[in-house]
file entry_2.txt (compact mmCIF, C-alpha atoms)
# COMPACT_ATOMS: atom_id res chain seq x y z
CA MET X 189 73.17 137.67 77.40
CA ARG X 190 74.46 137.12 80.91
CA ARG X 191 71.77 139.38 82.43
CA ALA X 192 69.13 137.37 80.59
CA LEU X 193 70.52 134.14 82.08
CA VAL X 194 70.39 135.64 85.56
CA ALA X 195 66.77 136.70 85.00
CA VAL X 196 65.83 133.19 83.86
CA CYS X 197 67.47 131.64 86.94
CA VAL X 198 65.68 134.04 89.30
CA ALA X 199 62.34 133.37 87.60
CA ALA X 200 62.85 129.62 87.85
CA LEU X 201 63.56 129.88 91.56
CA ALA X 202 60.57 132.17 92.11
CA VAL X 203 58.01 129.77 90.61
CA PRO X 204 56.80 127.37 93.34
CA ALA X 205 56.52 123.70 92.57
CA SER X 206 53.08 122.15 92.72
CA ALA X 207 52.30 120.27 95.90
CA ALA X 208 51.99 116.51 95.70
CA ALA X 209 48.50 115.23 96.53
CA HIS X 210 49.30 111.62 97.34
CA ALA X 211 49.55 110.31 100.91
CA SER X 212 52.83 110.53 102.82
CA LEU X 213 53.92 108.31 105.68
CA ARG X 214 54.27 110.27 108.93
CA HIS X 215 54.98 107.60 111.56
CA GLU X 216 55.66 103.89 111.62
CA PHE X 217 56.08 101.15 114.19
CA PRO X 218 58.51 99.46 114.44
CA ALA X 219 60.49 102.56 113.56
CA PHE X 220 62.98 102.65 110.71
CA GLY X 221 66.27 101.11 111.82
CA GLU X 222 64.92 100.30 115.29
CA ARG X 223 66.32 97.47 117.39
CA LEU X 224 63.51 95.89 119.41
CA HIS X 225 64.00 93.83 122.55
CA SER X 226 60.99 91.64 121.76
CA SER X 227 58.72 90.76 118.87
CA PRO X 228 56.08 93.43 118.05
CA ALA X 229 52.43 92.36 118.13
CA GLU X 230 51.54 94.45 115.08
CA VAL X 231 52.92 96.84 112.47
CA THR X 232 51.29 100.27 112.20
CA LEU X 233 51.67 103.00 109.59
CA ARG X 234 50.22 106.51 110.11
CA PHE X 235 49.72 108.81 107.09
CA ASP X 236 48.89 112.48 106.61
CA GLN X 237 45.55 111.60 104.97
CA VAL X 238 43.05 108.75 104.78
CA VAL X 239 44.32 105.74 102.86
CA ASP X 240 42.76 102.47 101.66
CA ALA X 241 44.24 99.08 102.45
CA LEU X 242 45.45 96.84 99.64
CA PRO X 243 45.81 93.05 99.77
CA GLY X 244 49.27 92.27 101.08
CA GLY X 245 49.72 95.97 101.84
CA ILE X 246 52.08 95.22 104.74
CA ARG X 247 54.61 92.39 104.56
CA VAL X 248 57.25 91.57 107.16
CA PHE X 249 60.06 89.43 105.75
CA ASP X 250 62.89 87.61 107.47
CA VAL X 251 66.23 87.07 105.75
CA ASN X 252 64.81 83.99 103.98
CA GLY X 253 61.86 85.90 102.50
CA ARG X 254 59.20 84.43 104.81
CA ASN X 255 56.27 86.81 105.47
CA TYR X 256 55.09 87.09 109.09
CA ALA X 257 52.37 89.75 108.57
CA GLY X 258 48.64 89.00 108.53
CA PRO X 259 45.79 90.82 106.73
CA VAL X 260 45.93 94.61 106.60
CA HIS X 261 43.18 96.80 108.10
CA ALA X 262 42.61 100.55 107.55
CA ARG X 263 41.77 102.73 110.56
CA ASP X 264 41.19 106.35 109.58
CA ARG X 265 44.70 107.47 108.58
CA MET X 266 46.40 104.25 109.68
CA LEU X 267 47.18 100.84 108.30
CA VAL X 268 47.57 98.01 110.80
CA ALA X 269 48.62 94.39 110.37
CA ARG X 270 49.00 91.75 113.06
CA VAL X 271 52.36 90.01 113.10
CA ALA X 272 53.21 86.46 114.15
CA ARG X 273 55.90 86.11 116.79
CA LEU X 274 59.23 87.10 115.28
CA PRO X 275 62.34 85.13 116.19
CA ARG X 276 65.57 86.97 116.88
CA GLY X 277 66.95 88.44 113.65
CA PRO X 278 66.78 91.25 111.06
CA TYR X 279 63.52 92.04 109.22
CA THR X 280 62.33 94.01 106.19
CA ILE X 281 58.93 95.69 105.97
CA ARG X 282 57.46 96.41 102.55
CA TRP X 283 54.16 98.31 102.35
CA ARG X 284 51.63 99.64 99.80
CA ALA X 285 48.54 101.82 100.24
CA MET X 286 45.97 103.61 98.06
CA SER X 287 45.87 107.41 98.37
CA LEU X 288 42.72 109.49 97.97
CA ASP X 289 44.02 110.64 94.57
CA GLY X 290 44.13 107.03 93.38
CA HIS X 291 47.91 106.68 93.44
CA VAL X 292 49.48 103.63 95.03
CA VAL X 293 52.18 104.77 97.45
CA SER X 294 54.85 102.32 98.60
CA GLY X 295 57.88 102.10 100.81
CA VAL X 296 60.38 99.89 102.60
CA TRP X 297 62.28 99.96 105.87
CA THR X 298 64.14 97.56 108.12
CA PHE X 299 64.32 96.78 111.83
CA GLY X 300 65.81 94.11 114.06
CA VAL X 301 64.60 91.94 116.93
CA ARG X 302 67.47 91.78 119.44
CA VAL X 303 69.90 92.47 116.54
CA PRO X 304 70.83 95.65 114.63
CA ALA X 305 68.62 96.55 111.67
CA PRO X 306 70.06 95.60 108.25
CA ASN X 307 71.06 98.19 105.65
CA VAL X 308 67.87 99.10 103.82
CA VAL X 309 69.73 99.79 100.56
CA ASP X 310 71.97 96.74 100.28
CA ASP X 311 70.62 94.15 102.73
CA SER X 312 66.83 94.49 102.69
CA VAL X 313 64.93 91.45 101.39
CA GLY X 314 64.37 91.78 97.65
CA ALA X 315 67.13 94.30 96.97
CA GLY X 316 69.38 92.95 94.24
CA GLY X 317 72.40 95.16 94.75
CA PRO X 318 74.05 97.45 92.19
CA THR X 319 73.03 96.86 88.56
CA THR X 320 74.82 97.53 85.29
CA ALA X 321 72.79 100.71 84.88
CA GLU X 322 73.99 101.90 88.29
CA HIS X 323 77.61 101.20 87.35
CA VAL X 324 77.25 103.24 84.14
CA VAL X 325 75.54 106.13 85.91
CA ARG X 326 78.16 106.14 88.66
CA TRP X 327 80.87 106.23 85.97
CA LEU X 328 79.18 109.22 84.32
CA TRP X 329 79.14 110.94 87.72
CA PHE X 330 82.86 110.26 88.16
CA VAL X 331 83.53 111.72 84.70
CA ALA X 332 81.48 114.84 85.48
CA LEU X 333 83.23 115.25 88.85
CA ALA X 334 86.67 114.87 87.24
CA LEU X 335 85.86 117.42 84.54
CA LEU X 336 84.56 119.85 87.17
CA LEU X 337 87.24 119.59 89.87
CA GLY X 338 90.06 118.75 87.47
CA GLY X 339 89.08 121.62 85.19
CA ILE X 340 89.00 124.19 87.98
CA GLY X 341 92.21 122.77 89.45
CA PHE X 342 93.90 122.98 86.02
CA ARG X 343 92.92 126.64 85.70
CA LEU X 344 94.09 127.56 89.23
CA LEU X 345 97.14 125.34 89.73
CA VAL X 346 98.55 124.94 86.23
CA VAL X 347 97.62 127.78 83.86
CA ARG X 348 96.95 130.58 86.37
CA ALA X 349 95.56 132.73 83.58
CA PRO X 350 92.21 133.12 81.80
CA LEU X 351 91.30 130.25 79.50
CA PRO X 352 89.20 130.26 76.30
CA ARG X 353 85.40 130.08 76.36
CA ARG X 354 85.48 126.29 75.98
CA PHE X 355 86.83 126.01 79.54
CA TRP X 356 83.57 127.47 80.88
CA ILE X 357 81.52 125.20 78.63
CA VAL X 358 83.30 122.04 79.79
CA THR X 359 83.24 122.92 83.51
CA GLY X 360 79.68 124.26 83.33
CA VAL X 361 78.34 121.09 81.71
CA ALA X 362 80.33 119.07 84.25
CA ALA X 363 78.79 121.02 87.16
CA ILE X 364 75.27 120.35 85.86
CA GLY X 365 76.16 116.72 85.22
CA THR X 366 77.51 116.29 88.75
CA LEU X 367 74.14 117.41 90.13
CA GLU X 368 71.81 115.68 87.70
CA VAL X 369 73.63 112.36 87.36
CA ALA X 370 73.82 112.08 91.16
CA ILE X 371 70.01 112.32 91.29
CA VAL X 372 69.68 109.52 88.74
CA ALA X 373 72.16 107.36 90.67
CA PHE X 374 70.25 107.89 93.92
CA LEU X 375 66.91 107.09 92.29
CA LEU X 376 68.30 103.89 90.78
CA ARG X 377 69.56 102.79 94.19
CA CYS X 378 66.16 103.57 95.73
CA GLU X 379 64.34 101.76 92.94
CA ASP X 380 66.38 98.65 93.65
CA ALA X 381 65.65 98.91 97.39
CA LEU X 382 61.91 99.46 96.86
CA GLN X 383 61.66 96.79 94.13
CA LEU X 384 58.90 98.64 92.30
CA PRO X 385 58.02 99.15 88.62
CA PHE X 386 58.86 102.66 87.45
CA GLY X 387 55.24 103.87 87.39
CA ASN X 388 54.73 102.99 91.04
CA PHE X 389 58.24 104.10 91.97
CA LEU X 390 57.24 107.69 91.20
CA TYR X 391 55.09 107.55 94.36
CA GLY X 392 57.50 105.59 96.51
CA ASP X 393 58.45 106.86 99.96
CA LEU X 394 62.18 107.65 99.75
CA SER X 395 62.42 109.46 103.09
CA PRO X 396 63.75 106.45 105.06
CA ILE X 397 66.56 106.03 102.53
CA ALA X 398 67.29 109.75 102.20
CA ASN X 399 67.25 110.45 105.94
CA GLY X 400 68.16 107.16 107.57
CA THR X 401 71.05 105.79 105.52
CA ARG X 402 74.61 107.02 105.00
CA ILE X 403 74.08 106.90 101.25
CA GLY X 404 70.96 109.06 101.47
CA GLN X 405 72.45 111.57 103.87
CA ALA X 406 75.61 111.86 101.75
CA PHE X 407 73.46 112.37 98.65
CA VAL X 408 71.52 115.26 100.22
CA VAL X 409 74.65 116.99 101.57
CA MET X 410 76.60 116.52 98.33
CA GLU X 411 73.76 117.82 96.18
CA LEU X 412 73.53 120.98 98.28
CA GLY X 413 77.31 121.32 98.30
CA PHE X 414 77.79 120.93 94.55
CA ALA X 415 74.87 123.29 93.91
CA LEU X 416 76.93 125.88 95.81
CA VAL X 417 80.02 124.96 93.76
CA ALA X 418 77.99 125.40 90.55
CA ALA X 419 76.77 128.80 91.77
CA LEU X 420 80.34 129.94 92.49
CA LEU X 421 81.45 128.73 89.05
CA PHE X 422 78.59 130.67 87.47
CA LEU X 423 79.54 133.82 89.40
CA ALA X 424 83.17 133.45 88.31
CA TRP X 425 82.05 133.40 84.67
CA LEU X 426 79.43 136.11 85.13
CA THR X 427 81.55 138.68 86.96
CA ASP X 428 84.95 138.01 85.32
CA ARG X 429 86.46 137.77 88.83
CA GLU X 430 87.68 134.25 88.34
CA GLU X 431 90.17 133.93 91.19
CA ARG X 432 87.73 135.24 93.79
CA PHE X 433 85.08 132.60 93.06
CA LEU X 434 87.02 129.69 91.58
CA TRP X 435 89.19 129.11 94.67
CA PRO X 436 86.24 128.61 97.07
CA ALA X 437 84.51 126.49 94.41
CA PHE X 438 87.61 124.31 94.12
CA VAL X 439 88.10 123.89 97.87
CA LEU X 440 84.40 123.20 98.53
CA GLY X 441 84.23 120.76 95.62
CA LEU X 442 87.14 118.74 96.96
CA GLY X 443 85.57 118.79 100.42
CA PHE X 444 82.12 117.66 99.33
CA ALA X 445 83.63 114.92 97.17
CA SER X 446 84.52 113.20 100.45
CA GLY X 447 80.83 112.36 100.90
CA LEU X 448 81.26 109.37 98.64
CA SER X 449 84.12 108.05 100.78
CA LEU X 450 82.18 108.61 103.99
CA SER X 451 79.09 106.73 102.76
CA GLY X 452 80.57 103.70 101.00
CA HIS X 453 82.51 100.62 102.04
CA SER X 454 85.47 102.81 103.03
CA ALA X 455 83.48 104.39 105.87
CA GLU X 456 84.23 101.48 108.19
CA ARG X 457 87.46 103.15 109.34
CA ALA X 458 88.73 106.75 109.25
CA SER X 459 92.04 105.92 107.54
CA SER X 460 90.24 104.06 104.78
CA SER X 461 87.84 106.97 104.19
CA PHE X 462 90.72 109.44 104.02
CA ALA X 463 92.72 107.26 101.63
CA ASP X 464 89.66 106.78 99.43
CA TRP X 465 89.10 110.56 99.31
CA VAL X 466 92.77 111.18 98.42
CA HIS X 467 92.49 108.52 95.70
CA LEU X 468 89.37 110.15 94.22
CA ALA X 469 90.69 113.73 94.46
CA ALA X 470 94.01 112.83 92.81
CA ALA X 471 92.23 110.98 90.00
CA CYS X 472 89.92 113.96 89.38
CA LEU X 473 92.79 116.44 89.18
CA TRP X 474 94.80 114.18 86.90
CA ILE X 475 92.02 113.17 84.51
CA GLY X 476 90.19 116.50 84.48
CA GLY X 477 93.43 118.39 83.86
CA LEU X 478 94.35 116.02 81.04
CA VAL X 479 91.00 116.64 79.34
CA GLN X 480 91.44 120.42 79.69
CA LEU X 481 94.87 120.13 78.11
CA ALA X 482 93.53 118.09 75.19
CA ALA X 483 90.17 119.81 74.63
CA VAL X 484 90.80 123.44 75.59
CA VAL X 485 94.45 124.49 75.58
CA TRP X 486 95.77 122.54 72.57
CA PRO X 487 93.09 123.49 70.02
CA GLN X 488 92.23 127.00 71.28
CA ALA X 489 95.22 128.48 73.16
CA PRO X 490 98.48 127.70 71.30
CA GLU X 491 100.34 130.38 73.26
CA LEU X 492 99.64 128.46 76.51
CA ARG X 493 100.64 125.00 75.28
CA ARG X 494 104.22 124.79 76.52
CA ARG X 495 103.57 126.40 79.91
CA SER X 496 100.43 124.32 80.44
CA LEU X 497 102.13 121.07 79.46
CA LEU X 498 105.09 121.59 81.79
CA GLY X 499 102.89 122.75 84.65
CA PHE X 500 100.50 119.86 84.19
CA SER X 501 103.39 117.37 84.13
CA ARG X 502 104.44 118.53 87.61
CA LEU X 503 100.85 118.36 88.91
CA ALA X 504 100.24 114.97 87.27
CA THR X 505 103.37 113.52 88.91
CA ILE X 506 102.05 114.46 92.35
CA CYS X 507 98.54 113.21 91.55
CA VAL X 508 99.76 109.88 90.20
CA ALA X 509 101.97 109.35 93.27
CA LEU X 510 98.97 109.99 95.55
CA LEU X 511 96.74 107.87 93.35
CA VAL X 512 99.07 104.87 93.41
CA GLY X 513 99.94 105.21 97.12
CA ALA X 514 96.31 105.47 98.24
CA GLY X 515 95.30 102.68 95.86
CA VAL X 516 97.91 100.29 97.21
CA TYR X 517 96.89 101.08 100.79
CA LEU X 518 93.19 100.49 100.03
CA SER X 519 93.95 97.24 98.18
CA ILE X 520 95.83 95.90 101.19
CA LEU X 521 92.92 96.81 103.47
CA ARG X 522 90.16 95.41 101.25
CA LEU X 523 91.77 92.20 100.01
CA PRO X 524 92.38 89.83 102.93
CA ALA X 525 94.51 87.49 100.79
CA VAL X 526 96.55 87.89 97.63
CA HIS X 527 94.56 85.20 95.80
CA ASP X 528 91.45 87.38 96.20
CA LEU X 529 92.83 89.35 93.24
CA TRP X 530 91.91 86.54 90.86
CA ARG X 531 89.32 84.58 92.87
CA THR X 532 86.78 87.36 93.59
CA ARG X 533 84.83 89.74 91.37
CA TYR X 534 86.20 92.69 93.32
CA GLY X 535 89.75 91.50 92.63
CA ASP X 536 89.01 90.96 88.91
CA VAL X 537 87.74 94.53 88.51
CA LEU X 538 90.71 95.83 90.49
CA LEU X 539 93.10 94.01 88.13
CA VAL X 540 91.38 95.61 85.13
CA LYS X 541 91.70 99.02 86.76
CA LEU X 542 95.38 98.46 87.54
CA ALA X 543 96.04 97.41 83.93
CA LEU X 544 94.35 100.58 82.62
CA VAL X 545 96.29 102.75 85.07
CA ALA X 546 99.54 101.10 83.95
CA VAL X 547 98.70 101.81 80.30
CA ALA X 548 97.85 105.43 81.07
CA LEU X 549 101.04 105.94 83.09
CA ALA X 550 103.24 104.32 80.44
CA TRP X 551 101.57 106.42 77.77
CA GLY X 552 102.08 109.59 79.79
CA ALA X 553 105.72 108.77 80.55
CA LEU X 554 106.49 108.08 76.88
CA HIS X 555 104.70 111.27 75.92
CA ASN X 556 106.79 113.23 78.42
CA VAL X 557 110.05 111.82 77.05
CA VAL X 558 109.08 112.70 73.48
CA VAL X 559 108.10 116.22 74.51
CA ARG X 560 111.30 116.89 76.43
CA ARG X 561 113.64 115.46 73.74
CA ARG X 562 111.91 116.51 70.53
CA GLY X 563 109.42 119.13 71.63
CA LEU X 564 106.64 117.37 69.67
CA VAL X 565 103.11 116.94 70.95
CA ARG X 566 100.13 115.67 68.98
CA ALA X 567 96.56 116.42 69.96
CA GLY X 568 95.56 112.86 69.10
CA THR X 569 98.00 111.51 71.68
CA LEU X 570 96.46 113.70 74.40
CA VAL X 571 92.95 112.63 73.42
CA ALA X 572 93.90 108.94 73.48
CA GLU X 573 95.57 109.32 76.87
CA SER X 574 92.42 111.07 78.16
CA ALA X 575 90.25 108.22 76.88
CA VAL X 576 92.35 105.62 78.72
CA ALA X 577 92.21 107.70 81.89
CA ILE X 578 88.41 108.02 81.65
CA ALA X 579 88.22 104.24 81.21
CA VAL X 580 89.98 104.00 84.57
CA LEU X 581 86.99 105.80 86.07
CA LEU X 582 84.66 103.11 84.72
CA ALA X 583 86.54 100.43 86.65
CA ALA X 584 86.55 102.71 89.70
CA ALA X 585 82.76 103.12 89.44
CA VAL X 586 82.28 99.34 89.50
CA LEU X 587 84.66 98.99 92.46
CA VAL X 588 82.84 101.66 94.48
CA ASP X 589 79.54 99.77 94.15
CA SER X 590 81.13 96.36 94.81
CA ARG X 591 81.48 94.84 98.23
CA PRO X 592 85.08 93.83 99.03
CA PRO X 593 85.66 90.18 100.00
CA ALA X 594 85.04 89.48 103.67
CA PRO X 595 88.09 88.70 105.81
CA VAL X 596 88.56 85.05 106.65
CA PRO X 597 87.81 84.50 110.36
CA ALA X 598 90.73 83.32 112.40
CA ALA X 599 90.75 79.63 113.19
CA PRO X 600 90.01 78.87 116.85
CA ALA X 601 93.00 77.94 118.92
CA ALA X 602 93.46 74.23 119.44
CA VAL X 603 92.36 72.95 122.83
CA GLN X 604 95.07 71.12 124.67
CA HIS X 605 93.95 67.99 126.55
CA ARG X 606 95.83 66.75 129.49
call {"tool": "encode", "arguments": {"input": "entry_2.txt", "output": "structure tokens"}}
result
Amino acid sequence: MRRALVAVCVAALAVPASAAAHASLRHEFPAFGERLHSSPAEVTLRFDQVVDALPGGIRVFDVNGRNYAGPVHARDRMLVARVARLPRGPYTIRWRAMSLDGHVVSGVWTFGVRVPAPNVVDDSVGAGGPTTAEHVVRWLWFVALALLLGGIGFRLLVVRAPLPRRFWIVTGVAAIGTLEVAIVAFLLRCEDALQLPFGNFLYGDLSPIANGTRIGQAFVVMELGFALVAALLFLAWLTDREERFLWPAFVLGLGFASGLSLSGHSAERASSSFADWVHLAAACLWIGGLVQLAAVVWPQAPELRRRSLLGFSRLATICVALLVGAGVYLSILRLPAVHDLWRTRYGDVLLVKLALVAVALAWGALHNVVVRRRGLVRAGTLVAESAVAIAVLLAAAVLVDSRPPAPVPAAPAAVQHR
């Protein structure tokens, strides 16, 4: 069975993917993210094959949505559009062209005239910001990450012994989910930035977002990193040498999880990024371990129940302390004033998250007291506690995609007149 799986994986890797026939952008002016000292006379796009111009194929928008580009002309493998004089400010370029294969290729990038270029994902003209679908997908990614890292951490730090087959099923599905859901989340963010219907989005140029933004770069690095983690997890199951492969998978998984902290709103300062990573890692170990306890140990390994419960209680205490400490620190940094808790959307979501965390902690504390005094544990209690903890991840997913309230600028000092 396992040899057959290996053969299938090798065959899948050996089969080359078919090459795309549609045109690809090779060079553009102004360049992606460029800061120009003066207004450009024209916008040029160079492709790897001949393309046809479309009406409105190049549009140059200011922050108010005004288009400064003129008619588009095709020159061999180039598209060119004259541009009216651009005042100082940030600009968004949206383009479309017809490939030789009949597909309409599209793209977007930003630049600035005597100012830094805006963020192409969040601040380009037309981008609407995170949607409900993005929040749900990000939550699913958090759940998959928690089941993966928390599951491996539970096996290595709590049980320290082989677990039933369900452990491999849960962590294996979580590893695949971490990779696949991240792709969906990235595509949704790109779709919002490109502002294209899904049929045209399939031929959108994502290279500026993938290579020129922190979100794109973090996505590429994290996908490669978690593919390695998945491979190590697979080898641990395949070879029965769990300790040898699970430890590097665990360490690498925690390390690559920092990509989210380094690419989001926390990346503005090093201390914030570190606290955000600690917050995420602690939540993954706590929630993933709780699910392992409820879904793997309790129904399938009765002989491990007591040892697992006591070991997990010690680990959960540390994780919760880190979770609360990092969360308080981040709240102080991100909320300029206390009233932002109930006057801003970010504060409202944070209050919901805090309420869920309080319920989960109270539930866990009560559960601990009952276990220590009466020695009774019910599987339904563990499942309910896991559900509340996973709901915490939903609030966290919304917070990650939300922009914290901006600090109130200090009032200018009063001028004294003599």
call {"tool": "closest_residue", "arguments": {"input": "entry_2.txt", "among": "X:Val347, X:Leu337, X:Leu498, X:Ala398", "to": "X:Ala445", "atoms": "only C-alpha atoms"}}
result
X:Leu337
call {"tool": "residues_near_point", "arguments": {"input": "entry_2.txt", "point": "(84.8, 118.3, 85.3)", "cutoff": "10 Å", "atoms": "only C-alpha atoms", "output": "ChimeraX atom specification"}}
result
/X:329-341,355,358-366,472-473,475-477,479-480
call {"tool": "atom_distance", "arguments": {"input": "entry_2.txt", "atom1": "atom CA of X:Val293", "atom2": "atom CA of X:Gly392"}}
result
5.5 Å
call {"tool": "atom_distance", "arguments": {"input": "entry_2.txt", "atom1": "atom CA of X:Arg302", "atom2": "atom CA of X:Ser226"}}
result
6.9 Å
call {"tool": "residues_around", "arguments": {"input": "entry_2.txt", "residues": "stretch 459-467 of chain X", "least_positions_apart": "5", "cutoff": "9 Å", "atoms": "only C-alpha atoms", "output": "list in words"}}
result
Leu442, Ala445, Ser446, Gly447, Leu448, Ser449, Leu450, Ser451, Gly452, His453, Ser454, Cys472, Cys507, Leu510, Leu511, Val512, Gly513, Ala514, Gly515, Tyr517, Leu518 and Leu521 of chain X
